[in-house]
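Chemist: The structure's right below; bear with me while I get my questions together.
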Amino acid sequence: MSASNTRYESRSVVDPARIRILCEATLRQNWREGVRSSDGVPFAYTCPSPGHYPWQWYWDSCFTAIAWRHFDPARGRRELESLLAAQRPDGFIGHTIFWNRPLSGRRRFTYNVTSPDAPMTASIQPPLLAWAWRIVVGDPACVPGIVRHHDWLAAHRDLDGDGLVWIVQPDESGLDASTQFDAIWGGQAHSLPGFIPLVRRNRRLGYDLRRIADAGGPVCAEVLTNVLHNLSQMALGRPSLTSVIVERFYDEDSGLFHPLAVPEPPRRPTVTWAALAPLALPDLPEAIGRRLVEQHLLDPDAFWTPLAPPSVSGSDPSFSRDDRGPGGVKRYWRGPTWINASWLVWTGLIRLGYAHQAAQLVRSVASAIAMQGLREYYDPFTTRGMGAVGFGWSTLVMEMLEVDPQVGAGYVG
């Protein structure tokens with residue numbers, strides 16, 4: 001352990017009861033419910049943060065539904081049911097659902113809508129609905145809407161027929177401006193000037209994977225997206241895709257998982273925390289999991305920072321603690337630590353028996369939240385809170401403080 005880690009732990013005092021109160025208060029503060037004025041459809045969800053994120057985001061809702069089970073499981077279920085209430089008849093559910101607050105301002109130019117009055121975006125986010133339902137409610141295979149949703153993904157987002165989900169823009173991964181996408185989308189990466197022409201092109205093509213691939217792409221099979229997709233497949237009782245994930249993404253030389261892209265990028269994408277995301281898979285081969293942990297996650301120069309894991313390896317030249325890009329525009333996932341990432345790699349530590357390191361990670365996450373509040377992300381070295389305040393999915397710390405016996409089985413055992 002580095003000296004900086006030692007200093008951090010020595011001053012960490014965690015009061016779980018205080019954190020529990022903070023998490024519940026934040027979830028209740030961010031709760032929104034009503035009836036859509038256009039058609040009378042009821043909705044209920046946790047907005048990610050009242051100031052900057054007013055709408056319902058797909059993967060945010062899945063994460064906050066999981067946190068709600070520690071306080072009010074019925075609200076967790078209603079949150080997931082609201083995603084289903086927004087569903088198209090063919091099973092599609094968009095990245096962002098607008099409910100009674102229409103899309104406005106400059107977001108009209110950067111959001112993935114195909115018409116100005118669209119009720120939701122035409123893009124996806126990592127498809128973890130079935131997995132979240134399994135954790136919060138029960139068997140997702142008994143819910144026709146969830147089955148249709150994952151069938152839609154299989155029919156429309158599997159480029160090669162091997163079960164992997166492909167994305168057509170970096171923000172469909174939920175990781176927005178992650179440095180792994182710099183090599184793939186170049187000047188069209190998220191929050192750069194070329195991103196707006198990319199959105200306009202994809203709007204014209206209806207966010208159709210095959211049309212976009214035929215138009216030259218880029219399209220990407222991203223690691224985290226497929227880890228969460230696989231957990232949903234397993235939650236539905238469908239065959240695991242872990243062997244495909246290992247075959248297509250895993251690089252034996254580096255011991256890391258890397259994204260795929262068409263066309264092939266001019267250089268290998270940078271090393272981000274997504275390379276470690278397969279630790280969340282309960283059937284990941286043990287040797288691969290241990291190599292991910294011992295060679296990469298626990299390396300203090302890479303991912304084992306005082307608040308782990310940073311969203312980019314600390315040893316990668318693209319790593320930055322600054323969250324602003326050209327013109328002061330926020331560029332997310334380029335260095336700071338996010339709590340959903342901490343939770344997911346923690347599940348792997350638990351499964352593989354790294355009890356001491358898992359406990360250390362819980363203490364560091366809980367201490368950062370106790371000192372800085374529930375922030376969108378944190379400086380991985382100083383733990384300074386950054387981004388939005390009162391951030392919903394940072395309440396996933398409750399999963400780390402009140403441990404489910406099923407965590408080692410990926411919650412699908």
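Scheme for the structure tokens: letters A, B, ... for chains in order shown; per-chain residue numbers from 1; ligand numbers from 1 in order shown.
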Find the residues near A:Gln56: any atom within 8 Å, counting only C-alpha atoms, skip ones fewer than 4 places away on the same chain, and give them as a list in words.

Modeler: Tyr45, Thr46, Cys47, Pro48, Asp60, Ser61, Thr96, Ile97, Phe98 and Trp99 of chain A

Chemist: Okay, now the selection with N, CA and C atoms, as a PDB file, in the first residue's frame?

Modeler:
```pdb
ATOM      1  N   TYR A  45     -39.901   8.004 -10.574  1.00  0.00           N
ATOM      2  CA  TYR A  45     -38.477   7.718 -10.754  1.00  0.00           C
ATOM      3  C   TYR A  45     -37.642   8.643  -9.884  1.00  0.00           C
ATOM      4  N   THR A  46     -36.375   8.327  -9.779  1.00  0.00           N
ATOM      5  CA  THR A  46     -35.406   9.138  -9.048  1.00  0.00           C
ATOM      6  C   THR A  46     -34.579   9.915 -10.057  1.00  0.00           C
ATOM      7  N   CYS A  47     -34.715  11.224 -10.082  1.00  0.00           N
ATOM      8  CA  CYS A  47     -33.852  11.980 -10.992  1.00  0.00           C
ATOM      9  C   CYS A  47     -32.421  11.915 -10.462  1.00  0.00           C
ATOM     10  N   PRO A  48     -31.439  11.818 -11.345  1.00  0.00           N
ATOM     11  CA  PRO A  48     -30.064  11.652 -10.868  1.00  0.00           C
ATOM     12  C   PRO A  48     -29.591  12.778  -9.952  1.00  0.00           C
ATOM     13  N   ASP A  60     -29.299   5.029 -14.698  1.00  0.00           N
ATOM     14  CA  ASP A  60     -29.418   5.646 -13.378  1.00  0.00           C
ATOM     15  C   ASP A  60     -30.589   5.041 -12.612  1.00  0.00           C
ATOM     16  N   SER A  61     -31.727   4.872 -13.297  1.00  0.00           N
ATOM     17  CA  SER A  61     -32.895   4.314 -12.626  1.00  0.00           C
ATOM     18  C   SER A  61     -32.653   2.879 -12.173  1.00  0.00           C
ATOM     19  N   THR A  96     -32.907   8.234 -22.275  1.00  0.00           N
ATOM     20  CA  THR A  96     -33.484   9.268 -21.412  1.00  0.00           C
ATOM     21  C   THR A  96     -34.963   9.408 -21.740  1.00  0.00           C
ATOM     22  N   ILE A  97     -35.798   9.468 -20.700  1.00  0.00           N
ATOM     23  CA  ILE A  97     -37.244   9.608 -20.862  1.00  0.00           C
ATOM     24  C   ILE A  97     -37.643  10.957 -20.284  1.00  0.00           C
ATOM     25  N   PHE A  98     -38.384  11.736 -21.045  1.00  0.00           N
ATOM     26  CA  PHE A  98     -38.609  13.129 -20.676  1.00  0.00           C
ATOM     27  C   PHE A  98     -39.865  13.361 -19.839  1.00  0.00           C
ATOM     28  N   TRP A  99     -40.814  12.434 -19.849  1.00  0.00           N
ATOM     29  CA  TRP A  99     -42.054  12.541 -19.091  1.00  0.00           C
ATOM     30  C   TRP A  99     -42.683  13.922 -19.273  1.00  0.00           C
TER      31      TRP A  99
END
```

Chemist: Within 6 Å of A:Ser364, counting only C-alpha atoms, which residues show up once you throw out same-chain ones fewer than 3 positions away? Write them as a PyMOL selection string, please.

Modeler: chain A and resi 307+361+367

Chemist: Counting only C-alpha atoms, figure out which residue out of A:Arg268, A:Arg78, A:Arg107, A:Arg20 gets nearest to A:Gly34.

Modeler: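 Between A:Arg268, A:Arg78, A:Arg107, A:Arg20, the residue approaching A:Gly34 most closely is A:Arg78.
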
Chemist: Can you pull out every residue from stretch 113-353 of chain A that DSSP, working from the backbone, puts in alpha helix (DSSP H), and format the result as a PyMOL selection string?

Modeler: chain A and resi 129-136+144-156+182-185+195-204+209-214+223-235+242-249+286-291+339-352

Chemist: Output C-alpha atoms for every residue in that selection, as an mmCIF file, in the first residue's frame.

Modeler:
```
data_model
loop_
_atom_site.group_PDB
_atom_site.id
_atom_site.type_symbol
_atom_site.label_atom_id
_atom_site.label_comp_id
_atom_site.auth_asym_id
_atom_site.auth_seq_id
_atom_site.Cartn_x
_atom_site.Cartn_y
_atom_site.Cartn_z
ATOM 1 C CA LEU A 129 -32.965 -3.736 -16.562
ATOM 2 C CA ALA A 130 -33.410 -7.494 -16.165
ATOM 3 C CA TRP A 131 -30.492 -7.684 -13.718
ATOM 4 C CA ALA A 132 -31.820 -4.767 -11.663
ATOM 5 C CA TRP A 133 -35.271 -6.398 -11.595
ATOM 6 C CA ARG A 134 -33.720 -9.631 -10.344
ATOM 7 C CA ILE A 135 -31.978 -7.768 -7.504
ATOM 8 C CA VAL A 136 -34.915 -5.558 -6.521
ATOM 9 C CA PRO A 144 -43.227 -9.702 -20.704
ATOM 10 C CA GLY A 145 -41.977 -6.128 -21.107
ATOM 11 C CA ILE A 146 -38.515 -7.006 -19.816
ATOM 12 C CA VAL A 147 -38.347 -10.022 -22.101
ATOM 13 C CA ARG A 148 -39.387 -7.876 -25.097
ATOM 14 C CA HIS A 149 -36.796 -5.268 -24.205
ATOM 15 C CA HIS A 150 -33.905 -7.700 -24.186
ATOM 16 C CA ASP A 151 -35.254 -9.420 -27.299
ATOM 17 C CA TRP A 152 -35.205 -6.022 -29.050
ATOM 18 C CA LEU A 153 -31.525 -5.620 -28.183
ATOM 19 C CA ALA A 154 -30.741 -9.082 -29.557
ATOM 20 C CA ALA A 155 -32.575 -8.298 -32.795
ATOM 21 C CA HIS A 156 -31.270 -4.761 -33.344
ATOM 22 C CA ASP A 182 -10.819 8.898 -28.299
ATOM 23 C CA ALA A 183 -9.209 6.346 -30.612
ATOM 24 C CA ILE A 184 -12.585 5.145 -31.922
ATOM 25 C CA TRP A 185 -14.532 8.371 -32.541
ATOM 26 C CA PHE A 195 -20.068 15.203 -31.711
ATOM 27 C CA ILE A 196 -22.973 17.352 -32.937
ATOM 28 C CA PRO A 197 -22.505 16.305 -36.612
ATOM 29 C CA LEU A 198 -22.304 12.691 -35.390
ATOM 30 C CA VAL A 199 -25.652 13.084 -33.598
ATOM 31 C CA ARG A 200 -27.201 14.662 -36.687
ATOM 32 C CA ARG A 201 -25.963 11.832 -38.912
ATOM 33 C CA ASN A 202 -27.263 9.183 -36.522
ATOM 34 C CA ARG A 203 -30.618 10.936 -36.240
ATOM 35 C CA ARG A 204 -30.984 10.716 -40.021
ATOM 36 C CA LEU A 209 -26.909 -0.089 -35.902
ATOM 37 C CA ARG A 210 -26.643 -1.719 -39.314
ATOM 38 C CA ARG A 211 -27.379 1.455 -41.275
ATOM 39 C CA ILE A 212 -24.760 3.307 -39.254
ATOM 40 C CA ALA A 213 -22.215 0.522 -39.714
ATOM 41 C CA ASP A 214 -22.916 0.505 -43.465
ATOM 42 C CA VAL A 223 -16.826 -3.991 -22.387
ATOM 43 C CA LEU A 224 -18.909 -2.539 -19.523
ATOM 44 C CA THR A 225 -22.020 -2.384 -21.709
ATOM 45 C CA ASN A 226 -21.675 -6.088 -22.427
ATOM 46 C CA VAL A 227 -20.898 -7.035 -18.843
ATOM 47 C CA LEU A 228 -24.195 -5.481 -17.744
ATOM 48 C CA HIS A 229 -25.964 -6.974 -20.757
ATOM 49 C CA ASN A 230 -24.608 -10.402 -19.798
ATOM 50 C CA LEU A 231 -25.756 -10.041 -16.190
ATOM 51 C CA SER A 232 -29.232 -9.315 -17.539
ATOM 52 C CA GLN A 233 -29.065 -12.366 -19.783
ATOM 53 C CA MET A 234 -28.157 -14.504 -16.796
ATOM 54 C CA ALA A 235 -30.911 -12.900 -14.702
ATOM 55 C CA THR A 242 -19.012 -14.711 -20.488
ATOM 56 C CA SER A 243 -17.132 -17.067 -22.800
ATOM 57 C CA VAL A 244 -17.875 -14.732 -25.720
ATOM 58 C CA ILE A 245 -16.755 -11.711 -23.690
ATOM 59 C CA VAL A 246 -13.485 -13.456 -22.896
ATOM 60 C CA GLU A 247 -12.966 -14.604 -26.479
ATOM 61 C CA ARG A 248 -13.720 -11.240 -28.086
ATOM 62 C CA PHE A 249 -12.441 -8.710 -25.516
ATOM 63 C CA GLU A 286 -10.931 -17.429 -11.708
ATOM 64 C CA ALA A 287 -7.443 -17.113 -13.179
ATOM 65 C CA ILE A 288 -8.511 -14.151 -15.312
ATOM 66 C CA GLY A 289 -10.264 -12.523 -12.369
ATOM 67 C CA ARG A 290 -7.254 -12.889 -10.093
ATOM 68 C CA ARG A 291 -4.972 -11.431 -12.726
ATOM 69 C CA ILE A 339 -19.389 4.981 -7.111
ATOM 70 C CA ASN A 340 -21.094 2.547 -9.482
ATOM 71 C CA ALA A 341 -17.625 1.548 -10.704
ATOM 72 C CA SER A 342 -16.425 1.059 -7.122
ATOM 73 C CA TRP A 343 -19.432 -1.134 -6.381
ATOM 74 C CA LEU A 344 -19.022 -3.313 -9.456
ATOM 75 C CA VAL A 345 -15.331 -4.066 -8.909
ATOM 76 C CA TRP A 346 -16.037 -4.593 -5.193
ATOM 77 C CA THR A 347 -18.414 -7.425 -6.115
ATOM 78 C CA GLY A 348 -15.490 -9.136 -7.824
ATOM 79 C CA LEU A 349 -13.260 -8.692 -4.782
ATOM 80 C CA ILE A 350 -15.946 -10.312 -2.633
ATOM 81 C CA ARG A 351 -16.451 -13.216 -5.042
ATOM 82 C CA LEU A 352 -12.735 -13.960 -5.323
#
```

Chemist: Mind giving me the straight-line distance from atom CA of A:Val271 to atom CA of A:Ser313 in Å, one decimal?

Modeler: 5.9 Å

Chemist: Compare A:Ala67, A:Leu22, A:Leu83, A:Val143 by their minimum atom-to-atom distance to A:Val403, counting only C-alpha atoms, and give me the closest one.

Modeler: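 Of A:Ala67, A:Leu22, A:Leu83, A:Val143, the one nearest A:Val403, counting only C-alpha atoms, is A:Ala67.
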